[in-house]
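One structure below.
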There are 2 protein chains.
Amino acid sequence: MATIKDVAALAGVSLGTASRVLSGSSQTSPDSRARVTAAAEQLNYIANGPARSLRRSRTDVLGLLVSDIRNPFFSELAHAAEREAQRRGYTVLLANADEDAAQEAAYLRTFASQRIDGLLIAPQGSDLTQLRSMRDSGLPLVFVDRSVDGIDVPTISTDNDEGVRSALTWLHGRGHREVAFVGGPPAVSTGSERRTAFLRIRDELGLSADPRLIAHGDFRTESGVEAMRAVLASGARPTAVLSADGLMTLGVGRALREESARQLGVVEIVSFDDLDWFSLVSPPISAVRNDATAIGRLGVAALVDVIEGRPAASHRVATSFVDRSAEAAAGAGA
Amino acid sequence: MATIKDVAALAGVSLGTASRVLSGSSQTSPDSRARVTAAAEQLNYIANGPARSLRRSRTDVLGLLVSDIRNPFFSELAHAAEREAQRRGYTVLLANADEDAAQEAAYLRTFASQRIDGLLIAPQGSDLTQLRSMRDSGLPLVFVDRSVDGIDVPTISTDNDEGVRSALTWLHGRGHREVAFVGGPPAVSTGSERRTAFLRIRDELGLSADPRLIAHGDFRTESGVEAMRAVLASGARPTAVLSADGLMTLGVGRALREESARQLGVVEIVSFDDLDWFSLVSPPISAVRNDATAIGRLGVAALVDVIEGRPAASHRVATSFVDRSAEAAAGAGA
DNA sequence: CTGTTAGCGCTTTCAT
DNA sequence: ATGAAAGCGCTAACAG
C-alpha cells in the first residue's frame, strides 16, 4: 500500500508539499499540484485513515446505534441518516443493538474507541452512567426515536401522543368501543409514551377500560403474537386492536389469523408504524405513519450542529394517519 | 480524554507496562496489573482506536457493503453477519450502496481508507478495475449474494437454479402454463442467473414461451409494479407470476391489486425471497426461501479465513420452497 | 517482568 | 510556496 511518502518521492517534492496538495489545505504551485496528483494516481494512493484521524483527532465518521436493524422503521431511518450524513461530508458507521442492553453497551465502547465524531442512538434500557460518561468525555450525542430520563440530550422523536390520538379517534369514529392495545416495553420511552397516550385518550373517548384489553410486547414480531393471544385468551372481546409498532403488528396479524380459523369474528387492526405491505392484506391495515426518514435526517442535522458547536434543538416529528378503509378488500392475488 | 500515558502515570508504572496490562499481550505482575486496571477504571480510559490501528496495521473491523439496506434480505444478512463477526472478535461497519454504482465506488474508497481488515460485498455493476486494484492491494474480499465476472473472489450465494426450479415445478404441478416472470437487472449476477434458470426450466416443463410474459425490474418495489403492469398491458394472460426478489413481489402484488379491481382474474404469485408477511395476504404467497442468515454467516466465516491466511471456499446455499397453498385464505383481520 | 525507545502515516507548525 | 521536523497515542522490539 503506497504511503504519502512514496507519492512525494515519485513526484519529486517534499512530504509536506504532497500532503498540502492532497488535502488542499493550503496554496500550492500548479506545477507541484500536477506532479503530486499524477504520482498519487499512478501509485493508486489512498490515504491511511487511522493515521489521518490520529493526527487530526477527528474521523469524519458518525455512529448510528439502532435497536433492531431488521425493523423496517430503523432500516428506513438508517437509510435517511446515511444520505444526510453523506451530503454533509460524513460517513455513517451503523451498529445494531438487537434490543439487547449488553450489546448496546459493547457497541458504545467500540464507538468510543473508534473516536467517531458523534453518535446517533436509539437507546433502550441504556446504562445511564455509561451514556453520561460518554457525553461528559465530549462525545456529541443525539437521541433518535427514543429518549432516556435523567440525561439531557437533543432528541428527535415521533409525536406519539398525536399518533395514538389519530388512531383511536379513527377507530372510535368507526364505532369501535372495545379496543385492545398491544404496547411496547414500558422501559423504552416510545413504549411508555404510547401506553400513557392510549390510556388517557381511551378515557377521553369513552372507550372500554377493560384491563384485559391491554398487553405488552418488546417491539418484535413474536411478542406481538403472544400479546394478542393473551388478550384473546383473557376473555375480553375486542372489535379492534392498536399495535404500538410495525413488527408487532405482523405478530398481531398472525395471532388473529389463527383465531379467525376458529371463527372468532373480525378484529380491525390499526398499527403505529406504516409498513409497505399493509395495503395488500384484506382488509388493508390502516396505520399511523411514523416518519423514519424525517427522524433520520433531522437526527444527523442535529448531531452535526452539536459537533460543530452550534446549539441543537430537539424535535417532535408529526405523524399522519393513513386510512385504508376505503380500499378494495381484495387480496394480493385475488 | 485520558491516554495510556495518564494511566501509566497514575498507576506509577511505565507506559510499556500499562500497555501490556491493558492489551494482555504479555506477562505482567499481579501488582502492576491491579494498579493499572484501577487507574484505567478511575480515568475512564478507552484506548484510542486510530492510534492502535496505525501501529498494529489492523483494525479488527470488517466492512459490509450491501446494495439496499431497506431490502429485508439484506437487513437479515447484515444482522447475521454482524453476529458472526462479533463472535469472532470483529466489528462490522455497514454501508449501503442503494443499488447505485457510483455510491458503491465511493464506499469502496472509504472502506479502503479506513483500512478495514476485510470486505464483504454484494456487488452491483461494480467497477471491475477498482475491485481488482483493491484485491491486489491486499484487501481480503468476499462476495455475498452476488458475484462479478472477471475477478476471482470467494463467493457465498444462493442456489438460484434450484430456487427457480422449485418454484416453477410447483406452479406447473398446480396446473399453470402461462407463467409470467418479473426478473431483476441482467447486469447483476442474481438477476441473470434467475432469468437464465427461468428460461431453461420453463422450456423443460413445457410452459408457455410467450415473450410478453417476461419483464425486468431493478430489485426494488416500484420496478416490480411497473414490470407487472407491462406484462398485463402486453396482452399476455398469465395465470401465475414468479417474481425474482421480495421487494419486487410487493410491487407485483400492488400491480395485480390495481387490476383485480378491474376484474382481470386471479394471478397466483410466487416469490424468490420469502417475506414474513406473505402468510397474511389472501391468498398467502408461496415462496422460495433465500437463506440470508446462512449467507451472512458463511460470508463472515470465509472472509475471516482469507484474512487469517486460510483458503476460503465458495458456497452455494440451498433454498427451500414454502408452500402456503393449504393455508386458510382468510386475511389478516378477517 | 519492566523501562526505554523507535516508529506506524499523517498534518501542521516553523522557518525560509 | 516549500522543506524540515515535531508529534498525535499506541505497540513491539530491545535491553536489562
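Identifiers in this document derive from the order of the C-alpha cells: chains are assigned A, B, ..., residues are numbered from 1 separately in each chain, and ligands are numbered from 1 in order of occurrence.
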
Exercise. Near Thr17 (chain B), counting only C-alpha atoms (C1' of nucleotides), which residues have an atom at most 9 Å away, once you skip same-chain residues fewer than 3 positions from it, shown as a list in words?
Worked result: Ala8, Val13, Ser14, Arg20, Val21, Leu22, Thr28, Ser32, Arg33 and Val36 of chain B; DT2 and DG3 of chain C

Counting only C-alpha atoms, what are the residues of chain A within 8 Å of chain B, and for each of them which pair of atoms is the nearest and at what distance in Å, to one decimal? Sort the table by chain and rising number, as CSV.
residue,atom,partner,partner_atom,distance
A:Met1,CA,B:Ser137,CA,6.1
A:Ile46,CA,B:Ser113,CA,5.8
A:Ala47,CA,B:Ser113,CA,5.7
A:Asn48,CA,B:Ser113,CA,5.3
A:Gly49,CA,B:Gln114,CA,4.8
A:Pro50,CA,B:Pro50,CA,4.5
A:Ala51,CA,B:Leu54,CA,5.7
A:Ser53,CA,B:Pro50,CA,6.3
A:Leu54,CA,B:Pro50,CA,5.6
A:Ile69,CA,B:Ser75,CA,6.3
A:Arg70,CA,B:Ser75,CA,5.5
A:Pro72,CA,B:Arg70,CA,7.0
A:Ser75,CA,B:Arg70,CA,5.5
A:Glu76,CA,B:Arg70,CA,6.2
A:His79,CA,B:Ile69,CA,7.0
A:Val92,CA,B:Ala95,CA,7.5
A:Leu93,CA,B:Leu93,CA,5.5
A:Leu94,CA,B:Leu94,CA,5.5
A:Ala95,CA,B:Leu93,CA,7.3
A:Asn96,CA,B:His79,CA,7.6
A:Arg109,CA,B:Ile46,CA,7.7
A:Ala112,CA,B:Ile46,CA,7.2
A:Ser113,CA,B:Gly49,CA,5.0
A:Gln114,CA,B:Gly49,CA,4.8
A:Arg115,CA,B:Gly49,CA,6.8
A:Ser137,CA,B:Met1,CA,6.2
A:Leu250,CA,B:Trp277,CA,6.8
A:Gly253,CA,B:Ala332,CA,5.1
A:Arg254,CA,B:Leu280,CA,7.0
A:Leu256,CA,B:Gly333,CA,6.5
A:Arg257,CA,B:Ala332,CA,5.8
A:Ser260,CA,B:Ala334,CA,6.6
A:Ala261,CA,B:Ala328,CA,7.3
A:Gly265,CA,B:Ala334,CA,7.2
A:Val266,CA,B:Ala334,CA,5.0
A:Val267,CA,B:Gly333,CA,5.5
A:Glu268,CA,B:Gly333,CA,5.6
A:Ile269,CA,B:Gly333,CA,6.4
A:Trp277,CA,B:Leu250,CA,6.8
A:Leu280,CA,B:Val281,CA,6.3
A:Val281,CA,B:Val281,CA,4.5
A:Ser282,CA,B:Gly331,CA,4.7
A:Pro283,CA,B:Gly333,CA,6.3
A:Ala328,CA,B:Ala261,CA,7.3
A:Ala330,CA,B:Arg257,CA,7.1
A:Gly331,CA,B:Ser282,CA,4.7
A:Ala332,CA,B:Gly253,CA,5.0
A:Gly333,CA,B:Val267,CA,5.5
A:Ala334,CA,B:Val266,CA,5.0

Exercise. Would you give me, as a list of chain:residue names, the residues in region 141-186 of chain A that DSSP reads as strand (DSSP E)?
Worked result: A:Leu141, A:Val142, A:Phe143, A:Val144, A:Thr155, A:Ile156, A:Ser157, A:Thr158, A:Val179, A:Ala180, A:Phe181, A:Val182, A:Gly183

Exercise. Taking only C-alpha atoms (C1' of nucleotides) into account, which residues of chain D are within 7 Å of chain B, as a PyMOL selection string?
Worked result: chain D and resi 9-11

For N, CA, C and O atoms (P, O5', C5', C4', C3', O3' and C1' of nucleotides), I'd like the residues from the last selection saved as an mmCIF file, in the first residue's frame.
data_model
loop_
_atom_site.group_PDB
_atom_site.id
_atom_site.type_symbol
_atom_site.label_atom_id
_atom_site.label_comp_id
_atom_site.auth_asym_id
_atom_site.auth_seq_id
_atom_site.Cartn_x
_atom_site.Cartn_y
_atom_site.Cartn_z
ATOM 1 P P DG D 9 -2.746 12.347 22.195
ATOM 2 O "O5'" DG D 9 -2.709 10.760 22.137
ATOM 3 C "C5'" DG D 9 -3.776 10.068 21.524
ATOM 4 C "C4'" DG D 9 -3.376 8.616 21.395
ATOM 5 C "C3'" DG D 9 -2.980 7.951 22.713
ATOM 6 O "O3'" DG D 9 -3.794 6.794 22.856
ATOM 7 C "C1'" DG D 9 -1.364 7.531 21.038
ATOM 8 P P DC D 10 -3.605 5.716 23.978
ATOM 9 O "O5'" DC D 10 -2.760 4.622 23.201
ATOM 10 C "C5'" DC D 10 -3.375 3.924 22.115
ATOM 11 C "C4'" DC D 10 -2.333 3.202 21.314
ATOM 12 C "C3'" DC D 10 -1.665 2.035 22.025
ATOM 13 O "O3'" DC D 10 -2.375 0.844 21.673
ATOM 14 C "C1'" DC D 10 -0.123 3.352 20.729
ATOM 15 P P DT D 11 -1.952 -0.532 22.415
ATOM 16 O "O5'" DT D 11 -0.677 -0.998 21.572
ATOM 17 C "C5'" DT D 11 -0.885 -1.389 20.227
ATOM 18 C "C4'" DT D 11 0.432 -1.828 19.643
ATOM 19 C "C3'" DT D 11 1.021 -3.102 20.245
ATOM 20 O "O3'" DT D 11 1.513 -3.832 19.128
ATOM 21 C "C1'" DT D 11 2.607 -1.365 20.358
#

For this session: Identify every residue of chain C that has at least one atom within 12 Å of any atom of chain B, counting only C-alpha atoms (C1' of nucleotides), and report the result as a list in words.
Result: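 Taking only C-alpha atoms (C1' of nucleotides) into account, DC1, DT2, DG3, DT4, DT5, DA6, DG7, DC8, DG9 and DC10 of chain C sit within 12 Å of chain B.
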
Writing out the chosen residues with N, CA and C atoms (P, O5', C5', C4', C3', O3' and C1' of nucleotides) as a short mmCIF file (atom, residue, chain, number, x, y, z; two decimals), in the first residue's frame:
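And here is the file that came out, result.cif:
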data_model
loop_
_atom_site.label_atom_id
_atom_site.label_comp_id
_atom_site.auth_asym_id
_atom_site.auth_seq_id
_atom_site.Cartn_x
_atom_site.Cartn_y
_atom_site.Cartn_z
P DC C 1 5.86 -13.10 34.97
"O5'" DC C 1 6.69 -11.78 35.16
"C5'" DC C 1 6.42 -10.89 36.21
"C4'" DC C 1 7.31 -9.71 36.04
"C3'" DC C 1 6.63 -8.51 35.36
"O3'" DC C 1 6.59 -7.46 36.32
"C1'" DC C 1 8.82 -8.89 34.50
P DT C 2 5.76 -6.19 36.11
"O5'" DT C 2 6.81 -5.16 35.52
"C5'" DT C 2 7.88 -4.71 36.35
"C4'" DT C 2 8.85 -3.94 35.49
"C3'" DT C 2 8.22 -2.74 34.79
"O3'" DT C 2 8.74 -1.59 35.41
"C1'" DT C 2 9.71 -3.97 33.37
P DG C 3 8.11 -0.18 35.07
"O5'" DG C 3 9.27 0.43 34.18
"C5'" DG C 3 10.57 0.61 34.74
"C4'" DG C 3 11.54 1.09 33.70
"C3'" DG C 3 11.10 2.35 32.96
"O3'" DG C 3 12.22 3.22 32.87
"C1'" DG C 3 11.52 0.60 31.40
P DT C 4 12.13 4.58 32.16
"O5'" DT C 4 12.69 4.20 30.71
"C5'" DT C 4 13.93 3.51 30.61
"C4'" DT C 4 14.38 3.48 29.16
"C3'" DT C 4 14.06 4.74 28.35
"O3'" DT C 4 15.18 5.01 27.53
"C1'" DT C 4 13.12 2.86 27.28
P DT C 5 15.26 6.26 26.60
"O5'" DT C 5 14.76 5.61 25.23
"C5'" DT C 5 15.55 4.58 24.63
"C4'" DT C 5 14.92 4.16 23.31
"C3'" DT C 5 14.51 5.34 22.42
"O3'" DT C 5 14.87 5.00 21.10
"C1'" DT C 5 12.70 3.88 22.67
P DA C 6 15.14 6.12 20.04
"O5'" DA C 6 14.66 5.39 18.70
"C5'" DA C 6 14.91 3.99 18.58
"C4'" DA C 6 13.86 3.38 17.66
"C3'" DA C 6 13.47 4.28 16.48
"O3'" DA C 6 13.35 3.44 15.36
"C1'" DA C 6 11.55 3.75 17.73
P DG C 7 13.23 4.07 13.92
"O5'" DG C 7 11.67 4.00 13.67
"C5'" DG C 7 11.05 2.73 13.67
"C4'" DG C 7 9.57 2.96 13.52
"C3'" DG C 7 9.20 4.06 12.51
"O3'" DG C 7 8.10 3.60 11.76
"C1'" DG C 7 8.17 4.49 14.53
P DC C 8 7.94 3.87 10.27
"O5'" DC C 8 6.46 3.39 9.95
"C5'" DC C 8 5.97 2.10 10.30
"C4'" DC C 8 4.51 2.22 10.68
"C3'" DC C 8 3.77 3.28 9.88
"O3'" DC C 8 3.15 2.65 8.76
"C1'" DC C 8 3.27 3.42 12.25
P DG C 9 3.49 3.14 7.29
"O5'" DG C 9 2.61 4.45 7.15
"C5'" DG C 9 1.20 4.34 7.22
"C4'" DG C 9 0.62 5.73 7.31
"C3'" DG C 9 1.03 6.66 6.17
"O3'" DG C 9 -0.15 7.21 5.63
"C1'" DG C 9 1.41 7.70 8.26
P DC C 10 -0.18 8.29 4.52
"O5'" DC C 10 -0.48 9.60 5.37
"C5'" DC C 10 -1.74 9.72 6.01
"C4'" DC C 10 -1.67 10.77 7.09
"C3'" DC C 10 -1.53 12.19 6.58
"O3'" DC C 10 -2.84 12.75 6.48
"C1'" DC C 10 -0.17 11.77 8.51
#
